[in-house]
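Q: First, the structure itself, so that you have it in front of you.
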Amino acid sequence: MNDLIKDNINLHADVKTRKEALYQMSVMLEKNDVISDKDAFYAAVLDREAIGPTGMENGIAIPHGESDVVKDAAIAVFKTNQDLKWDSLDGKPIKLIFMLVVPTQHRDVNHLKILSHLSAALTHKDVQQQILTENNVTDFKKILEKSGGM
């Protein structure tokens, strides 16, 4: 999973809304050369958000972005400084966002593979607690790697 996250991680994101978080993640992805157009990608993420909730449980959301502007499959991570209002399965606010970044041309393979690895890592309550409290990027990535066998 570290290969998918690379430098697309901010464990101290100062955002106040779901849309601001998603847009700032798109800006980060464009800056890191994962996508070629932040606005087109952001629009794709909002389209997916309109389909159904991406908030899971225990303060974690997994929004998706699928677009022709995606150069390589990736995961972007934001841990927010404050809780965000989000449509989540448990009705609680979100603090940790894993955005799946998927190129349209390899959608089926990449999307399902990334989602299954991430979901496997996040099924354990102890892993959830560790990543929600970890503020060091290197240690955060190690927790994910150990938990998902990646």
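Letters for chains follow the order of the structure tokens (A, B, ...), residue numbers begin at 1 for each chain, and ligand numbers begin at 1 in the order shown.
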Skip Val137 of chain A itself and residues of its chain fewer than 2 positions away, then list as JSON, numbers by chain all residues within 8 Å of it, counting only C-alpha atoms.

A: {"A": [9, 10, 11, 134, 135, 139, 140, 141]}

Q: Let me see the file: selected residues, C-alpha atoms, as a PDB file, in the first residue's frame.

A:
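This is the output file result.pdb:
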```pdb
ATOM      1  CA  ILE A   9      -0.633  11.931   2.718  1.00  0.00           C
ATOM      2  CA  ASN A  10      -1.418  14.743   5.126  1.00  0.00           C
ATOM      3  CA  LEU A  11      -1.967  13.760   8.743  1.00  0.00           C
ATOM      4  CA  GLU A 134      -0.806   8.180  14.680  1.00  0.00           C
ATOM      5  CA  ASN A 135       0.624  11.519  13.527  1.00  0.00           C
ATOM      6  CA  ASP A 139       4.709   5.060  11.340  1.00  0.00           C
ATOM      7  CA  PHE A 140       1.232   5.514   9.823  1.00  0.00           C
ATOM      8  CA  LYS A 141       2.361   3.733   6.651  1.00  0.00           C
TER       9      LYS A 141
END
```

Q: Mind running segment 29-57 of chain A against segment 63-81 of chain A at 8 Å and telling me each contacting residue's nearest atom pair with the distance in Å (one decimal), counting only C-alpha atoms, chain and number ascending, as a Markdown table?

A:
```
| residue | atom | partner | partner_atom | distance |
| --- | --- | --- | --- | --- |
| A:Leu29 | CA | A:Ala76 | CA | 7.4 |
| A:Asp33 | CA | A:Lys71 | CA | 7.7 |
| A:Val34 | CA | A:Lys71 | CA | 5.5 |
| A:Ile35 | CA | A:Val70 | CA | 4.4 |
| A:Ser36 | CA | A:Val69 | CA | 5.2 |
| A:Asp37 | CA | A:Val69 | CA | 6.0 |
| A:Ala40 | CA | A:Val69 | CA | 7.2 |
| A:Phe41 | CA | A:Ser67 | CA | 6.2 |
| A:Tyr42 | CA | A:Gly65 | CA | 7.6 |
| A:Ala44 | CA | A:Gly65 | CA | 5.6 |
| A:Val45 | CA | A:Gly65 | CA | 4.5 |
| A:Arg48 | CA | A:His64 | CA | 6.5 |
| A:Glu49 | CA | A:Pro63 | CA | 7.0 |
| A:Thr54 | CA | A:Pro63 | CA | 5.2 |
| A:Gly55 | CA | A:Pro63 | CA | 7.6 |
```

Q: How many Å separate atom CA of Lys19 of chain A from atom CA of Gln129 of chain A?

A: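 For atom CA of Lys19 of chain A relative to atom CA of Gln129 of chain A, the distance reads 24.7 Å.
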